[in-house]
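What follows is the content of structure.cif, which has mmCIF, C-alpha atoms:
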data_entry
#
loop_
_atom_site.group_PDB
_atom_site.id
_atom_site.type_symbol
_atom_site.label_atom_id
_atom_site.label_comp_id
_atom_site.auth_asym_id
_atom_site.auth_seq_id
_atom_site.Cartn_x
_atom_site.Cartn_y
_atom_site.Cartn_z
ATOM 1 C CA MET A 267 -50.322 -57.475 -12.317
ATOM 2 C CA GLY A 268 -47.084 -55.729 -11.389
ATOM 3 C CA ARG A 269 -45.204 -53.030 -13.100
ATOM 4 C CA HIS A 270 -41.506 -53.173 -13.642
ATOM 5 C CA GLY A 271 -39.379 -50.221 -14.653
ATOM 6 C CA SER A 272 -35.848 -48.994 -14.600
ATOM 7 C CA VAL A 273 -34.239 -45.886 -13.216
ATOM 8 C CA ASP A 274 -31.428 -44.114 -15.027
ATOM 9 C CA VAL A 275 -28.834 -43.099 -12.396
ATOM 10 C CA SER A 276 -26.180 -41.872 -14.853
ATOM 11 C CA GLY A 277 -27.074 -38.261 -14.003
ATOM 12 C CA ILE A 278 -26.367 -38.919 -10.334
ATOM 13 C CA GLU A 279 -23.050 -40.561 -11.217
ATOM 14 C CA ASN A 280 -22.108 -37.516 -13.329
ATOM 15 C CA LEU A 281 -23.078 -35.166 -10.480
ATOM 16 C CA LYS A 282 -20.992 -37.231 -8.049
ATOM 17 C CA ALA A 283 -17.971 -36.996 -10.392
ATOM 18 C CA ASP A 284 -18.502 -33.218 -10.771
ATOM 19 C CA LEU A 285 -18.703 -32.741 -7.000
ATOM 20 C CA GLU A 286 -15.521 -34.743 -6.444
ATOM 21 C CA ARG A 287 -13.701 -32.619 -9.063
ATOM 22 C CA ILE A 288 -15.037 -29.429 -7.452
ATOM 23 C CA GLN A 289 -13.841 -30.594 -4.035
ATOM 24 C CA LYS A 290 -10.317 -31.130 -5.396
ATOM 25 C CA GLU A 291 -10.227 -27.732 -7.185
ATOM 26 C CA THR A 292 -11.731 -25.634 -4.367
ATOM 27 C CA PRO A 293 -8.451 -24.966 -2.457
ATOM 28 C CA ALA A 294 -6.912 -23.516 -5.627
ATOM 29 C CA VAL A 295 -9.918 -21.194 -6.069
ATOM 30 C CA ILE A 296 -9.693 -20.015 -2.465
ATOM 31 C CA LYS A 297 -5.937 -19.475 -2.818
ATOM 32 C CA SER A 298 -6.577 -17.457 -5.987
ATOM 33 C CA CYS A 299 -9.080 -15.290 -4.057
ATOM 34 C CA ALA A 300 -6.526 -14.749 -1.278
ATOM 35 C CA ASN A 301 -3.901 -13.710 -3.845
ATOM 36 C CA GLU A 302 -6.319 -11.267 -5.445
ATOM 37 C CA LEU A 303 -7.224 -9.740 -2.082
ATOM 38 C CA ALA A 304 -3.514 -9.386 -1.245
ATOM 39 C CA ALA A 305 -2.836 -7.703 -4.595
ATOM 40 C CA ARG A 306 -5.716 -5.279 -4.044
ATOM 41 C CA LEU A 307 -4.449 -4.542 -0.533
ATOM 42 C CA LEU A 308 -0.941 -3.840 -1.848
ATOM 43 C CA ARG A 309 -2.294 -1.451 -4.491
ATOM 44 C CA LYS A 310 -4.293 0.454 -1.893
ATOM 45 C CA VAL A 311 -1.502 0.650 0.699
ATOM 46 C CA ILE A 312 1.100 1.769 -1.865
ATOM 47 C CA LYS A 313 -1.255 4.459 -3.131
ATOM 48 C CA ARG A 314 -1.753 5.746 0.454
ATOM 49 C CA THR A 315 1.934 5.713 1.410
ATOM 50 C CA PRO A 316 3.404 9.226 1.429
ATOM 51 C CA VAL A 317 6.459 9.969 -0.683
ATOM 52 C CA GLY A 318 9.031 12.332 0.793
ATOM 53 C CA ARG A 319 10.006 15.497 -1.022
ATOM 54 C CA LYS A 320 13.008 17.726 -0.691
ATOM 55 C CA PRO A 321 12.166 20.793 1.394
ATOM 56 C CA GLU A 322 11.298 23.822 -0.687
ATOM 57 C CA PHE A 323 12.794 27.210 0.039
ATOM 58 C CA LYS A 324 10.249 29.761 1.191
ATOM 59 C CA GLY A 325 11.326 33.334 1.333
ATOM 60 C CA GLU A 326 13.330 35.840 -0.631
ATOM 61 C CA ALA A 327 15.879 33.960 -2.744
ATOM 62 C CA TYR A 328 17.657 36.822 -4.522
ATOM 63 C CA ILE A 329 18.247 40.489 -3.897
ATOM 64 C CA LYS A 330 19.184 43.212 -6.353
ATOM 65 C CA VAL A 331 21.887 45.653 -5.353
ATOM 66 C CA LYS A 332 22.723 48.854 -7.239
ATOM 67 C CA GLY A 333 26.386 49.767 -7.224
ATOM 68 C CA LYS A 334 28.104 53.209 -7.297
ATOM 69 C CA SER A 335 28.415 52.926 -11.068
ATOM 70 C CA GLY A 336 24.650 52.601 -11.371
ATOM 71 C CA LYS A 337 24.753 48.956 -12.489
ATOM 72 C CA SER A 338 22.509 46.439 -10.749
ATOM 73 C CA ARG A 339 23.715 43.044 -9.647
ATOM 74 C CA THR A 340 21.712 40.135 -8.295
ATOM 75 C CA PHE A 341 22.904 38.109 -5.327
ATOM 76 C CA MET A 342 21.554 35.027 -3.588
ATOM 77 C CA THR A 343 20.353 35.709 -0.051
ATOM 78 C CA LYS A 344 22.130 34.058 2.873
ATOM 79 C CA GLU A 345 18.959 32.085 3.720
ATOM 80 C CA LYS A 346 18.759 30.705 0.164
ATOM 81 C CA ALA A 347 22.483 29.823 0.197
ATOM 82 C CA ASP A 348 22.057 28.033 3.551
ATOM 83 C CA HIS A 349 19.051 26.160 2.153
ATOM 84 C CA GLU A 350 20.999 25.083 -0.956
ATOM 85 C CA ALA A 351 23.896 23.905 1.239
ATOM 86 C CA MET A 352 21.478 21.901 3.399
ATOM 87 C CA ILE A 353 19.856 20.346 0.297
ATOM 88 C CA ASN A 354 23.268 19.372 -1.088
ATOM 89 C CA LYS A 355 24.421 17.942 2.244
ATOM 90 C CA TYR A 356 21.350 15.964 3.314
ATOM 91 C CA TRP A 357 19.268 15.440 0.188
ATOM 92 C CA SER A 358 21.775 14.833 -2.628
ATOM 93 C CA GLY A 359 20.694 11.837 -4.705
ATOM 94 C CA TYR A 360 17.326 11.641 -2.940
ATOM 95 C CA THR A 361 14.502 10.469 -5.190
ATOM 96 C CA GLY A 362 11.741 9.663 -2.680
ATOM 97 C CA GLY A 363 9.418 6.690 -2.524
ATOM 98 C CA TYR A 364 11.628 4.321 -0.513
ATOM 99 C CA LEU A 365 8.830 3.538 1.947
ATOM 100 C CA ASN A 366 6.178 2.911 -0.683
ATOM 101 C CA GLN A 367 8.512 0.786 -2.843
ATOM 102 C CA ASN A 368 9.145 -1.658 0.007
ATOM 103 C CA TRP A 369 5.634 -2.999 0.613
ATOM 104 C CA ARG A 370 5.401 -6.733 -0.069
ATOM 105 C CA ALA A 371 3.046 -9.658 0.352
ATOM 106 C CA GLU A 372 4.314 -13.084 1.311
ATOM 107 C CA PRO A 373 2.916 -16.211 -0.370
ATOM 108 C CA VAL A 374 -0.531 -17.438 0.706
ATOM 109 C CA GLU A 375 -0.516 -19.877 3.634
ATOM 110 C CA ASN A 376 -3.236 -22.491 4.059
ATOM 111 C CA THR A 377 -3.837 -23.585 7.636
ATOM 112 C CA GLY A 378 -6.808 -25.922 7.873
ATOM 113 C CA ASN A 379 -9.808 -23.960 6.625
ATOM 114 C CA THR A 380 -7.994 -20.612 6.768
ATOM 115 C CA CYS A 381 -5.980 -18.805 4.114
ATOM 116 C CA SER A 382 -3.726 -15.963 5.208
ATOM 117 C CA VAL A 383 -1.385 -13.546 3.492
ATOM 118 C CA LYS A 384 1.164 -11.423 5.343
ATOM 119 C CA VAL A 385 1.587 -7.886 3.984
ATOM 120 C CA GLU A 386 4.519 -5.977 5.454
ATOM 121 C CA ASN A 387 7.005 -3.173 5.025
ATOM 122 C CA PRO A 388 10.472 -3.900 6.468
ATOM 123 C CA VAL A 389 11.603 -0.245 6.415
ATOM 124 C CA LYS A 390 12.496 0.608 10.021
ATOM 125 C CA TYR A 391 10.456 3.834 10.157
ATOM 126 C CA ALA A 392 7.305 2.366 8.548
ATOM 127 C CA SER A 393 5.560 1.872 11.896
ATOM 128 C CA TYR A 394 6.183 5.524 12.835
ATOM 129 C CA VAL A 395 4.565 6.721 9.626
ATOM 130 C CA GLU A 396 1.695 4.219 10.067
ATOM 131 C CA HIS A 397 0.888 4.895 13.748
ATOM 132 C CA GLY A 398 2.407 8.330 14.427
ATOM 133 C CA HIS A 399 5.322 9.374 16.622
ATOM 134 C CA ARG A 400 6.549 11.829 19.245
ATOM 135 C CA GLN A 401 9.051 14.564 18.572
ATOM 136 C CA THR A 402 10.565 17.447 20.500
ATOM 137 C CA PRO A 403 9.070 20.827 19.564
ATOM 138 C CA GLY A 404 11.669 23.526 19.037
ATOM 139 C CA ARG A 405 14.357 21.084 17.877
ATOM 140 C CA TYR A 406 15.995 22.090 14.593
ATOM 141 C CA VAL A 407 16.291 19.240 12.067
ATOM 142 C CA PRO A 408 18.941 20.073 9.454
ATOM 143 C CA ALA A 409 17.718 17.397 7.038
ATOM 144 C CA LEU A 410 14.308 19.089 6.967
ATOM 145 C CA GLY A 411 15.701 22.582 7.161
ATOM 146 C CA LYS A 412 13.188 23.588 9.812
ATOM 147 C CA THR A 413 12.313 23.600 13.474
ATOM 148 C CA LEU A 414 9.786 21.066 14.773
ATOM 149 C CA LYS A 415 6.492 22.648 15.833
ATOM 150 C CA VAL A 416 4.324 19.881 17.352
ATOM 151 C CA SER A 417 4.996 17.145 19.910
ATOM 152 C CA TRP A 418 2.939 14.452 18.151
ATOM 153 C CA VAL A 419 2.846 13.660 14.446
ATOM 154 C CA LYS A 420 -0.329 11.799 13.507
ATOM 155 C CA GLY A 421 -0.018 8.444 11.770
ATOM 156 C CA ARG A 422 -1.000 8.075 8.123
ATOM 157 C CA HIS A 423 -2.669 4.650 8.662
ATOM 158 C CA MET A 424 -1.779 3.459 5.155
ATOM 159 C CA LEU A 425 -2.082 -0.226 6.050
ATOM 160 C CA SER A 426 -4.910 -0.102 8.618
ATOM 161 C CA ASP A 427 -7.218 1.944 6.380
ATOM 162 C CA SER A 428 -6.446 -0.289 3.397
ATOM 163 C CA VAL A 429 -7.156 -3.443 5.436
ATOM 164 C CA ASP A 430 -10.504 -1.948 6.534
ATOM 165 C CA GLU A 431 -11.440 -1.310 2.895
ATOM 166 C CA ILE A 432 -10.486 -4.848 1.875
ATOM 167 C CA ASP A 433 -12.467 -6.258 4.843
ATOM 168 C CA ASN A 434 -15.555 -4.521 3.453
ATOM 169 C CA ILE A 435 -15.285 -6.250 0.054
ATOM 170 C CA LYS A 436 -13.659 -9.615 0.815
ATOM 171 C CA HIS A 437 -16.835 -11.612 1.430
ATOM 172 C CA LYS A 438 -18.494 -10.390 -1.763
ATOM 173 C CA LEU A 439 -15.359 -11.013 -3.834
ATOM 174 C CA VAL A 440 -14.929 -14.568 -2.521
ATOM 175 C CA ARG A 441 -18.652 -15.319 -2.909
ATOM 176 C CA ASP A 442 -18.679 -14.033 -6.507
ATOM 177 C CA ARG A 443 -15.555 -16.027 -7.425
ATOM 178 C CA VAL A 444 -16.850 -19.236 -5.835
ATOM 179 C CA GLU A 445 -20.293 -18.869 -7.458
ATOM 180 C CA ALA A 446 -18.690 -18.329 -10.868
ATOM 181 C CA PHE A 447 -16.458 -21.364 -10.301
ATOM 182 C CA LEU A 448 -19.413 -23.582 -9.287
ATOM 183 C CA GLU A 449 -21.555 -22.379 -12.182
ATOM 184 C CA GLU A 450 -18.743 -23.104 -14.612
ATOM 185 C CA ARG A 451 -18.163 -26.598 -13.235
ATOM 186 C CA LEU A 452 -21.791 -27.633 -12.785
ATOM 187 C CA ASN A 453 -23.108 -26.207 -16.058
ATOM 188 C CA GLY A 454 -20.138 -27.403 -18.081
ATOM 189 C CA LYS A 455 -19.196 -23.971 -19.407
#
Would you encode the structure as structure tokens?
Amino acid sequence: MGRHGSVDVSGIENLKADLERIQKETPAVIKSCANELAARLLRKVIKRTPVGRKPEFKGEAYIKVKGKSGKSRTFMTKEKADHEAMINKYWSGYTGGYLNQNWRAEPVENTGNTCSVKVENPVKYASYVEHGHRQTPGRYVPALGKTLKVSWVKGRHMLSDSVDEIDNIKHKLVRDRVEAFLEERLNGK
């Protein structure tokens, strides 16, 4: 006596359809992760980028002089007047933030199994602020209103430090996003 039965394979067919849909949607999820990582990197690098400020005057700005009549008058010191002239000549209209306003991320590029995003700053002095630069001690810089003291100015590493921070979180972020995506697709949420 033999037994005959049937097997319901509709569940396997549904799983196959789900997996095919997931395979088609996966590049968009990965691209979305790359865009989010680029946005986080931009936020971090902009926050770390120094903003220039007009030089402040340090010293005695005004002096009081008593005349023969006994009246006192206040005059600006020569140093303060020179500082004001320098500010007006070199810093008029300066608002600061040019370097940090010019960070940008290019669109995500897919190359095989790799997604990449280029983050850059086209300002010509950005690399000097990032990596540091030489200067000649003792040289007077009118735009700064002071004499240079050191031969090497350390870099601020705005981009490198930000990239290191993003490297520490990228795997977890991508894993969490992909797991959420798979859960949503496989459980029909």
- Using only C-alpha atoms, determine which residues lie at most 12 Å from A:Gly363, disregarding the query and same-chain residues fewer than 4 positions distant; provide the list as a PyMOL selection string. chain A and resi 312-320+367-369+389
- Find, counting all atoms listed in the file, the residue in A:Val440, A:Ala347, A:Leu308, A:Val331 that gets nearest to A:Thr292.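 Result for the nearest residue to A:Thr292: A:Val440.
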- atom CA of A:Arg443 sits from atom CA of A:Val383 at a separation of 18.1 Å
- Determine the residue membership of the PyMOL selection byres ((chain A and resi 300) around 9) for the file above and supply it as number ranges by chain. A: 295-299, 301-305, 374, 381-383, 440
- Query: List as a PyMOL selection string: which residues have an atom within 7 Å of (0.0, 8.2, 13.1), counting only C-alpha atoms?
  - Reply: chain A and resi 394-399+419-423
- Item | Answer key for the PyMOL selection byres ((chain A and resi 324) around 10), residues as a PyMOL selection string | chain A and resi 321-323+325-327+345-346+349
- Item | A:Ser417, A:Thr361, A:Glu291, A:Pro388 ranked by distance to A:Gly404, top pick (using only C-alpha atoms) | A:Ser417
- How would you write, as a PyMOL selection string, the residues chosen by the PyMOL selection byres ((chain A and resi 386) around 7) on this structure? chain A and resi 369-371+384-385+387-388
- Query: Quick one, how far is atom CA of A:Asn434 from atom CA of A:Ala392?
  - Reply: 24.4 Å
- In Å, rounded to a single decimal, give me how far atom CA of A:Tyr360 is from atom CA of A:Tyr391. 16.7 Å
- Query: So, counting only C-alpha atoms, which residue among A:Ala409, A:Ile435, A:Leu307, A:Arg269 is closest to A:Asn354?
  - Reply: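 When distances to A:Asn354 are compared using only C-alpha atoms, the smallest one comes from A:Ala409.
Closest approach to A:Asp348 from the set A:Arg441, A:Lys412, A:Lys310, A:Arg451 is made by A:Lys412, with distances taken over all atoms listed in the file.
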